[in-house]
Amino acid sequence: MNKIWVILKREYLTRVKNKTFIIMTFLGPLLIALLYGGIILVATKDASDKTPRNVLYNDESGFFNNKLDSVMNFHFVKAPENRETALKKVSSGEFYALMEIKDKNISDLDSVQWISRKTLSLLQKEKVSDLLVNKVYSNKLKQSGLSQGMIDSLKPSTKVSMLEIDETGGIKSSSSGIKSGIGFALAMIVYMFIFLYGSMVMRSALEEKTNRIVEVIVSSVKPFQMMLGKILGVALVGLTQFAAWIVLSIIGVITITTLFGEKIASTVAKAPVAPGGGSQMAAEQFQQSGMMDMLYNLPHLQIITIFLIYFTCGFLLYSSMFAAIGAAVNQETDVQQFMMPISLPLIFGFFIAQSAVFQDPHGPMATIFSIIPFTSPVVMVVRSPFGVPISELLLSIGLLLATFIFMVWITGRIYRIGILMYGKKPTWKQLGKWIFIKD
Amino acid sequence: MLIEISLFSSIYWYFRSVTPIIEAIDVVKTFGNTQAANHIHLQIPENSIYGLLGPNGAGKTTFIRMVTTISRPDSGKILYKGQALNQNDALKMGYMPEERGLYKKMSVIDQLLFFAEIKGMSRTDAKQEAVKWLTRLEMQTWAGKKLEELSKGMAQKVQFLCTIIHRPEFIILDEPFSGFDPVNADLIKDLIIELRNNGATILFSTHRMDNVEELCDFLCIINNGNVVLNGDSGSIRRKMFAHKYKAGYLTEQSFDNKTFIPLQFEKTTDGRFIYTFHAENNQIEALLQQSTQQGGLIYFAEDLPTIHQIFVDTVKA
């Protein structure tokens with residue numbers, strides 16, 4: 001036990017003292033903060049884009065002629081008769097877009113075309129179609145004898161808040177988008193870290209073998225202890241990095257919000273007030289992308305616990321296999337052939353996480369693969385923000401732990417032989433034989 | 001004077017040792033079709049410098065691995081101070097493999113502490129010992145440097161320290177002088193002798209003979225997994241003595257019609273003429289007489305084979 005500790009300490013300290021680690025630890029959150037800032041910027045960009053855009057329109061129904069008010073920064077101008085001329089004006093950049101309303105009958109507006117050099121954002125698209133629909137709608141209301149004032153007062157403002165109720169009757173707001181996003185981000189981290197740190201374990205085993213360090217220490221430490229100390233040490237490095245990232249990210253996000261938050265809010269407020277309340281929408285969208293409310297309401301403790309359990313167990317499971325490979329081969333170039341088959345389940349799990357979970361986080365595919373030990377570290381983490389039944393969690397964690405212990409035993413046996421074998425690159429068959437060689 | 005001291009010390013060490021620190025009894029180890037150890041019997045006397053000689057692939061590393069408990073003999077026994085060798089004994093050993101290597105990214109001091117701790121030394125003890133040795137070898141300023149920043153010779157010294165930092169009573173050095181410049185090689189040589197004088201036993205394995213004769217109290221030559229020769233170097237040389245004698249002259253000699261006809265003749269670069277004769281024990285005086293009669297004799301000596309010759313001869317045989 002003491003020996004495992006000495007090995008673990010060495011693995012941990014040399015890595016944590018390493019420059020790359022320190023740089024990554026500080027750069028990681030910076031990148032996250034930048035990404036976060038980027039999202040805010042993109043979300044507010046539409047609202048802050050104040051350059052007037054002149055849009056040509058051609059209305060075959062004749063209904064909209066001279067009735068189109070400006071919306072956001074779009075100002076509508078009747079297009080020339082000749083379509084070619086109109087298109088040329090758009091392609092040359094003189095006009096921003098050409099909108100063609102091809103419906104003769106305005107009760108169905110399903111043949112509207114928007115031709116522009118740049119695709120519209122979702123918000124802009126929504127605004128433009130709102131403009132058309134509202135025109136038709138209020139026209140009909142007017143025809144039925146309502147005054148403009150009546151029409152305006154009739155129109156309710158809409159904002160649907162998604163709420164979630166749990167077993168105890170508690171209600172909180174929910175957002176499946178944010179949940180998928182968080183789950184996916186966490187799964188990505190698990191996936192990347194297993195590979196990143198797993199290959200560290202592999203290289204470390206390989207280094208000790210090629211440097212013959214192993215011959216010096218193997219007489220005083222059992223190979224199994226060496227392997228365990230190694231993977232636990234590297235796992236701790238990973239966990240340290242997470243801890244540092246979480247703390248630094250929080251600091252970073254808070255800094256960005258306080259530094260630029262006001263500026264963003266003021267941009268939003270200064271955005272042109274167009275009919276339909278464009279800036280208000282933008283502000284709402286900013287709040288959504290700010291995600292603060294939603295984030296606060298997620299089951300943090302559960303997500304973090306699940307993440308840590310699955311990261312640790314998943315890492316230990318895979319890195320024990322990586323360690324065995326590092327011990328078995330003689331040079332780094334021989335590694336690839338063994339890495340691929342071992343990594344496949346994890347890659348597959350990541351694929352499942354992307355597809356099945358997004359469609360239905362509690363569907364059969366997602367459920368099954370979040371229980372199978374080789375894919376669960378990724379799949380279960382994606383599911384975690386959606387709330388996973390405790391029975392499934394226990395089963396999945398139990399299986400993962402059992403597999404981990406079994407694999408450490410198996411790989412430990414390969415490690416013990418491989419670490420002292422020099423010469424030719426072993427085959428899979430030989431690795432299999434090593435498991436059964438007696439001490 | 002020096003030679004006498006070393007001769008006396010050899011004799012002293014020879015008679016001092018009673019229980020061997022390592023005793024191999026009928027040790028067999030096979031890898032596939034290769035007999036890496038073929039019924040090996042040998043004793044390494046405590047408090048001695050023991051040379052394990054053999055060409056590449058002779059089974060030296062296999063034997064060392066069994067002694068360091070990395071692997072076990074297929075049959076036979078290895079005793080450590082008279083008791084069956086076990087894992088705990090390995091903690092009292094220090095091993096420097098031929099292919100050197102330490103952790104490149106680790107500082108010298110961390111490296112020393114790690115190897116000491118892994119051998120069961122307490123951290124405080126390890127620190128004391130590390131400081132002592134670094135000061136002794138005037139390497140204090142290097143303590144914080146990473147290994148990859150050191151020169152090859154420096155790294156070798158660190159490796160040597162890593163081997164002995166935990167005060168092992170049995171030290172195994174595989175080709176300890178390879179990679180050292182003559183100055184550092186002498187330093188290590190002195191350290192080895194000092195360690196022996198302080199009570200340690202040193203097994204060193206090599207296929208280079210230059211240091212063997214002056215260092216080793218005992219020798220063992222193995223080839224193809226067999227012990228070919230073993231004993232103290234004096235008696236090995238005596239045992240391999242082919243009753244040859246050398247007579248050196250200032251001028252070229254003719255031995256026509258003489259009782260003793262030279263087996264070999266060589267002219268040294270400094271203009272001496274050396275003749276090698278064969279003579280049984282009862283003929284020595286006659287040979288000497290004949291030699292002096294020739295005139296111009298500058299020396300006459302028995303031709304004890306060097307360990308190098310013995311090694312080459314036994315390995316070739």
# chains A, B, ... in the order shown; residues from 1 in each chain; ligands from 1
call {"tool": "residues_around", "arguments": {"residues": "A:Leu132", "least_positions_apart": "2", "cutoff": "10 Å", "atoms": "only C-alpha atoms", "output": "PyMOL selection string"}}
result
chain A and resi 64+67-69+101+106+109+112+127-130+134-137
call {"tool": "residues_around", "arguments": {"residues": "B:Met139", "least_positions_apart": "6", "cutoff": "12 Å", "atoms": "only C-alpha atoms", "output": "PyMOL selection string"}}
result
chain B and resi 108-109+130-133+145+150+154-155+157-158+161
call {"tool": "write_last_selection", "arguments": {"atoms": "N, CA and C atoms", "output": "mmCIF file, in the first residue's frame"}}
result
data_model
loop_
_atom_site.group_PDB
_atom_site.id
_atom_site.type_symbol
_atom_site.label_atom_id
_atom_site.label_comp_id
_atom_site.auth_asym_id
_atom_site.auth_seq_id
_atom_site.Cartn_x
_atom_site.Cartn_y
_atom_site.Cartn_z
ATOM 1 N N VAL B 108 16.978 15.870 -10.194
ATOM 2 C CA VAL B 108 17.940 14.938 -9.612
ATOM 3 C C VAL B 108 17.529 14.558 -8.187
ATOM 4 N N ILE B 109 17.202 15.560 -7.397
ATOM 5 C CA ILE B 109 16.897 15.279 -5.995
ATOM 6 C C ILE B 109 15.610 14.458 -5.863
ATOM 7 N N ALA B 130 20.736 11.758 0.450
ATOM 8 C CA ALA B 130 20.858 12.420 -0.848
ATOM 9 C C ALA B 130 21.770 13.631 -0.734
ATOM 10 N N VAL B 131 21.573 14.426 0.297
ATOM 11 C CA VAL B 131 22.402 15.620 0.486
ATOM 12 C C VAL B 131 23.858 15.204 0.688
ATOM 13 N N LYS B 132 24.041 14.143 1.480
ATOM 14 C CA LYS B 132 25.397 13.662 1.749
ATOM 15 C C LYS B 132 26.123 13.309 0.444
ATOM 16 N N TRP B 133 25.442 12.538 -0.387
ATOM 17 C CA TRP B 133 26.096 12.076 -1.613
ATOM 18 C C TRP B 133 26.290 13.196 -2.617
ATOM 19 N N LYS B 145 18.110 20.357 -11.029
ATOM 20 C CA LYS B 145 18.035 20.244 -12.492
ATOM 21 C C LYS B 145 17.302 18.973 -12.900
ATOM 22 N N LEU B 150 21.025 17.306 -17.926
ATOM 23 C CA LEU B 150 22.369 16.903 -17.530
ATOM 24 C C LEU B 150 23.136 16.293 -18.698
ATOM 25 N N MET B 154 27.111 13.057 -16.148
ATOM 26 C CA MET B 154 26.385 13.503 -14.955
ATOM 27 C C MET B 154 25.219 12.574 -14.654
ATOM 28 N N ALA B 155 24.443 12.285 -15.714
ATOM 29 C CA ALA B 155 23.281 11.411 -15.553
ATOM 30 C C ALA B 155 23.720 10.043 -15.037
ATOM 31 N N LYS B 157 26.270 9.452 -13.130
ATOM 32 C CA LYS B 157 26.577 9.570 -11.706
ATOM 33 C C LYS B 157 25.291 9.545 -10.887
ATOM 34 N N VAL B 158 24.274 10.257 -11.395
ATOM 35 C CA VAL B 158 22.991 10.268 -10.695
ATOM 36 C C VAL B 158 22.449 8.846 -10.613
ATOM 37 N N LEU B 161 24.142 6.985 -7.951
ATOM 38 C CA LEU B 161 23.629 7.389 -6.634
ATOM 39 C C LEU B 161 22.261 6.777 -6.364
#
call {"tool": "interface_residues", "arguments": {"of": "chain B", "to": "chain A", "cutoff": "6 Å", "atoms": "only C-alpha atoms", "output": "MDAnalysis selection string"}}
result
chainID B and resid 68:70 90:91 95 101 119
call {"tool": "write_last_selection", "arguments": {"atoms": "N, CA and C atoms", "output": "PDB file, in the first residue's frame"}}
result
ATOM      1  N   THR B  68      17.641 -10.582  -8.050  1.00  0.00           N
ATOM      2  CA  THR B  68      16.856  -9.429  -7.600  1.00  0.00           C
ATOM      3  C   THR B  68      15.375  -9.761  -7.438  1.00  0.00           C
ATOM      4  N   THR B  69      15.038 -11.029  -7.483  1.00  0.00           N
ATOM      5  CA  THR B  69      13.673 -11.544  -7.320  1.00  0.00           C
ATOM      6  C   THR B  69      12.702 -11.081  -8.398  1.00  0.00           C
ATOM      7  N   ILE B  70      13.225 -10.557  -9.509  1.00  0.00           N
ATOM      8  CA  ILE B  70      12.312 -10.190 -10.602  1.00  0.00           C
ATOM      9  C   ILE B  70      11.741 -11.463 -11.211  1.00  0.00           C
ATOM     10  N   ALA B  90      15.166  -8.112  -1.499  1.00  0.00           N
ATOM     11  CA  ALA B  90      15.376  -7.227  -2.641  1.00  0.00           C
ATOM     12  C   ALA B  90      15.466  -5.767  -2.213  1.00  0.00           C
ATOM     13  N   LEU B  91      14.843  -5.436  -1.079  1.00  0.00           N
ATOM     14  CA  LEU B  91      14.896  -4.062  -0.594  1.00  0.00           C
ATOM     15  C   LEU B  91      16.304  -3.695  -0.132  1.00  0.00           C
ATOM     16  N   TYR B  95      20.384  -2.062  -7.662  1.00  0.00           N
ATOM     17  CA  TYR B  95      20.678  -2.629  -8.976  1.00  0.00           C
ATOM     18  C   TYR B  95      20.782  -1.531 -10.018  1.00  0.00           C
ATOM     19  N   GLY B 101      18.818   4.498 -17.502  1.00  0.00           N
ATOM     20  CA  GLY B 101      17.646   5.319 -17.763  1.00  0.00           C
ATOM     21  C   GLY B 101      17.029   5.733 -16.456  1.00  0.00           C
ATOM     22  N   LYS B 119      12.554   1.851  -2.162  1.00  0.00           N
ATOM     23  CA  LYS B 119      13.269   0.760  -1.507  1.00  0.00           C
ATOM     24  C   LYS B 119      12.997   0.743  -0.004  1.00  0.00           C
TER      25      LYS B 119
END
call {"tool": "residues_around", "arguments": {"residues": "B:Glu194", "least_positions_apart": "5", "cutoff": "12 Å", "atoms": "only C-alpha atoms", "output": "list in words"}}
result
Asn47, Ser48, Ile49, Leu187, Ile188, Lys189, Gly199, Ala200, Thr201, Ile202 and Leu215 of chain B
call {"tool": "atom_distance", "arguments": {"atom1": "atom CA of B:Leu53", "atom2": "atom CA of B:Pro73"}}
result
19.9 Å
